[in-house]
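Working notes, beginning with the structure itself.
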Amino acid sequence: MTMMMNSLNEISEYLKKADNFAILTHKYPDGDTLGSAFALCRALRQIGKRAKVIVNGSLAGKFRYLENGMEDQIFEYEAVVAVDIASASLLGDLEDEFGGKVDVSVDHHGMNVPFAKMTYVNEKAAANTENVYFLIKLLGARIDRDIANCLYTGICTDTGCFKFSNVTSDTMRIAAELMDIGCDSSEINRVMFDTKSLARIKIERAVLDTLTLHCGEKIAVIHTTMQMEKETGAGESDMDGLAAIPRQIEGVVIGITVKEKGDNYYRVSVRTVGDYSAAEICKAFGGGGHHAAGGCSLEGTLEQVREKIIEAAEKELKRAC
């Protein structure tokens with residue numbers, strides 16, 4: 001399969017000519033991949049295409065509004081689109097069915113590893129929904145309130161409600177337009193940032209008991225285990241956002257969250273501030289991401305995984321000094 005980088009205009013022209021789309025999200029789907037997928041799906045349907053979002057895993061309850069009013073469509077996929085997916089490994093459970101069959105990838109990760117026939121990457125976009133916003137414009141679709149809600153969800157979640165350093169003037173202009181269209185910005189912000197389930201409160205309390213500080217309290221590490229999730233009743237949606245906790249500590253510049261996902265298998269999330277690169281830390285283990293946020297997977301015991309990721313963080317601390 002030939003892979004090349006494409007312009008957003010080339011992507012739009014391909015989508016205009018194709019039909020019957022499967023739109024894929026990455027594993028452990030967040031607001032940006034889901035917002036990108038549902039916004040594009042709605043836009044494609046609006047211009048007469050058939051399209052369906054294939055959620056990688058289950059759609060968390062707090063994101064249910066993204067599919068409001070969407071009727072299920074049954075058809076055979078002719079074109080496959082991946083949104084906010086930096087590499088084929090992030091297809092997760094979808095890789096068996098769609099691996100090697102992705103026609104279009106639209107992403108904003110600078111460390112994107114092309115895996116589709118056509119790929120558009122704009123790493124300056126704070127959220128991938130910014131790319132999808134411009135793509136929808138090129139498709140000639142109208143951004144209505146439902147599409148605006150999808151796009152705003154990706155922007156607010158990937159910018160920490162506009163707090164992160166990835167926010168640009170374009171981000172603010174797009175968000176303002178979405179608000180003018182009538183997106184439910186205040187309600188989305190409330191659900192995403194100010195509402196927590198009881199299970200979430202319990203898992204946060206358990207997580208804080210695992211906190212350790214390193215390198216003069218510049219590195220903070222927390223972890224979760226499947227046993228902790230079982231005891232607190234925390235589901236996948238309750239775990240979302242835990243990675244922000246270590247970085248919130250005053251003086252911490254590298255925050256690390258280690259989540260047990262299977263037997264001797266862990267998912268690591270890294271958040272950084274200033275000159276320290278989360279993507280570089282995760283790159284050492286086959287992962288990636290952005291300057292301020294990255295992720296990777298490691299095998300071993302909990303102690304071994306924590307030791308490896310702390311060592312990598314220490315190297316980044318010395319490199320950036």
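We label chains A, B, ... in the order they appear in the structure tokens, count residues from 1 in each chain, and number ligands from 1 in the order shown.
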
Using only C-alpha atoms, which protein or nucleic acid residues come within 7 Å of Val81 of chain A? Drop anything in the same chain fewer than 4 positions from it, and give the result as a list in words. Ala22, Ile23, Leu24, Val102, Asp103, Val104 and Ser105 of chain A

Surrounding residues of Cys296 of chain A excluding itself and chain neighbours under 6 positions, 7 Å, only C-alpha atoms, as number ranges by chain: A: 267-269, 282, 285-288

Step one, run DSSP on the backbone; step two, keep only residues of segment 137-255 of chain A assigned to strand (DSSP E); then write them as JSON, numbers by chain. {"A": [212, 213, 214, 219, 220, 221, 222, 223, 224, 254, 255]}

Would you output that residue set with C-alpha atoms, as a PDB file, in the first residue's frame?
ATOM      1  CA  THR A 212       5.486   9.320  44.740  1.00  0.00           C
ATOM      2  CA  LEU A 213       7.778  12.269  43.961  1.00  0.00           C
ATOM      3  CA  HIS A 214      11.218  12.122  42.368  1.00  0.00           C
ATOM      4  CA  ILE A 219       8.506  14.274  38.713  1.00  0.00           C
ATOM      5  CA  ALA A 220       5.249  12.912  40.160  1.00  0.00           C
ATOM      6  CA  VAL A 221       4.004   9.370  39.557  1.00  0.00           C
ATOM      7  CA  ILE A 222       0.673   7.711  40.334  1.00  0.00           C
ATOM      8  CA  HIS A 223      -0.738   4.347  39.325  1.00  0.00           C
ATOM      9  CA  THR A 224      -3.972   2.389  39.134  1.00  0.00           C
ATOM     10  CA  ILE A 254       6.590  15.843  34.542  1.00  0.00           C
ATOM     11  CA  GLY A 255       3.475  13.986  35.665  1.00  0.00           C
TER      12      GLY A 255
END

Using only C-alpha atoms, determine which residues lie at most 12 Å from Leu8 of chain A, disregarding the query and same-chain residues fewer than 4 positions distant; provide the list as an MDAnalysis selection string. chainID A and resid 12:15 104:107 118:122 130:139

All helix (DSSP H, G or I) positions in segment 66-186 of chain A, as a PyMOL selection string: chain A and resi 66-67+88-98+128-139+145-158+169-181+185-186

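From atom CA of Ala126 of chain A back to atom CA of Gly160 of chain A, the distance works out to 10.4 Å.
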
Take atom CA of Lys163 of chain A and atom CA of Arg319 of chain A and report the distance between them in Å, one decimal.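 Result for atom CA of Lys163 of chain A versus atom CA of Arg319 of chain A: 25.7 Å, one decimal.
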
If we count only C-alpha atoms and set the cut-off at 12 Å, which residues sit around Ile54 of chain A, ignoring sequence neighbours fewer than 4 positions away in its own chain? Please answer as a ChimeraX atom specification. /A:21-27,29,33-34,37-38,41,58-59,67,72-73,77,80-83,91,93-95,97-98

What separation in Å, quoted to one decimal, exists between atom CA of Ile309 of chain A and atom CA of Asp263 of chain A? 18.0 Å

Name all residues at most 6 Å from segment 188-202 of chain A (count only C-alpha atoms; drop same-chain ones fewer than 6 positions away) and give them as an MDAnalysis selection string. chainID A and resid 232:234 238

Dump C-alpha atoms for the selected residues as a compact mmCIF listing (two decimals), in the first residue's frame?
# COMPACT_ATOMS: atom_id res chain seq x y z
CA THR A 232 -14.03 1.43 43.57
CA GLY A 233 -16.40 0.38 40.78
CA ALA A 234 -14.57 2.69 38.35
CA ASP A 238 -14.21 7.22 35.36

Selected residue, from A:Ile181, A:Met70, A:Ala320, A:Ile310, that lies nearest to Ser277 of chain A when counting only C-alpha atoms: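 Comparing A:Ile181, A:Met70, A:Ala320, A:Ile310 against Ser277 of chain A, the winner is A:Ala320.
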
Residues within 12 Å of Thr210 of chain A, please, as a ChimeraX atom specification. Count only C-alpha atoms; anything in the same chain fewer than 3 positions from it doesn't count. /A:203-207,213,220-225,228,245-246,256-259,302-303,306
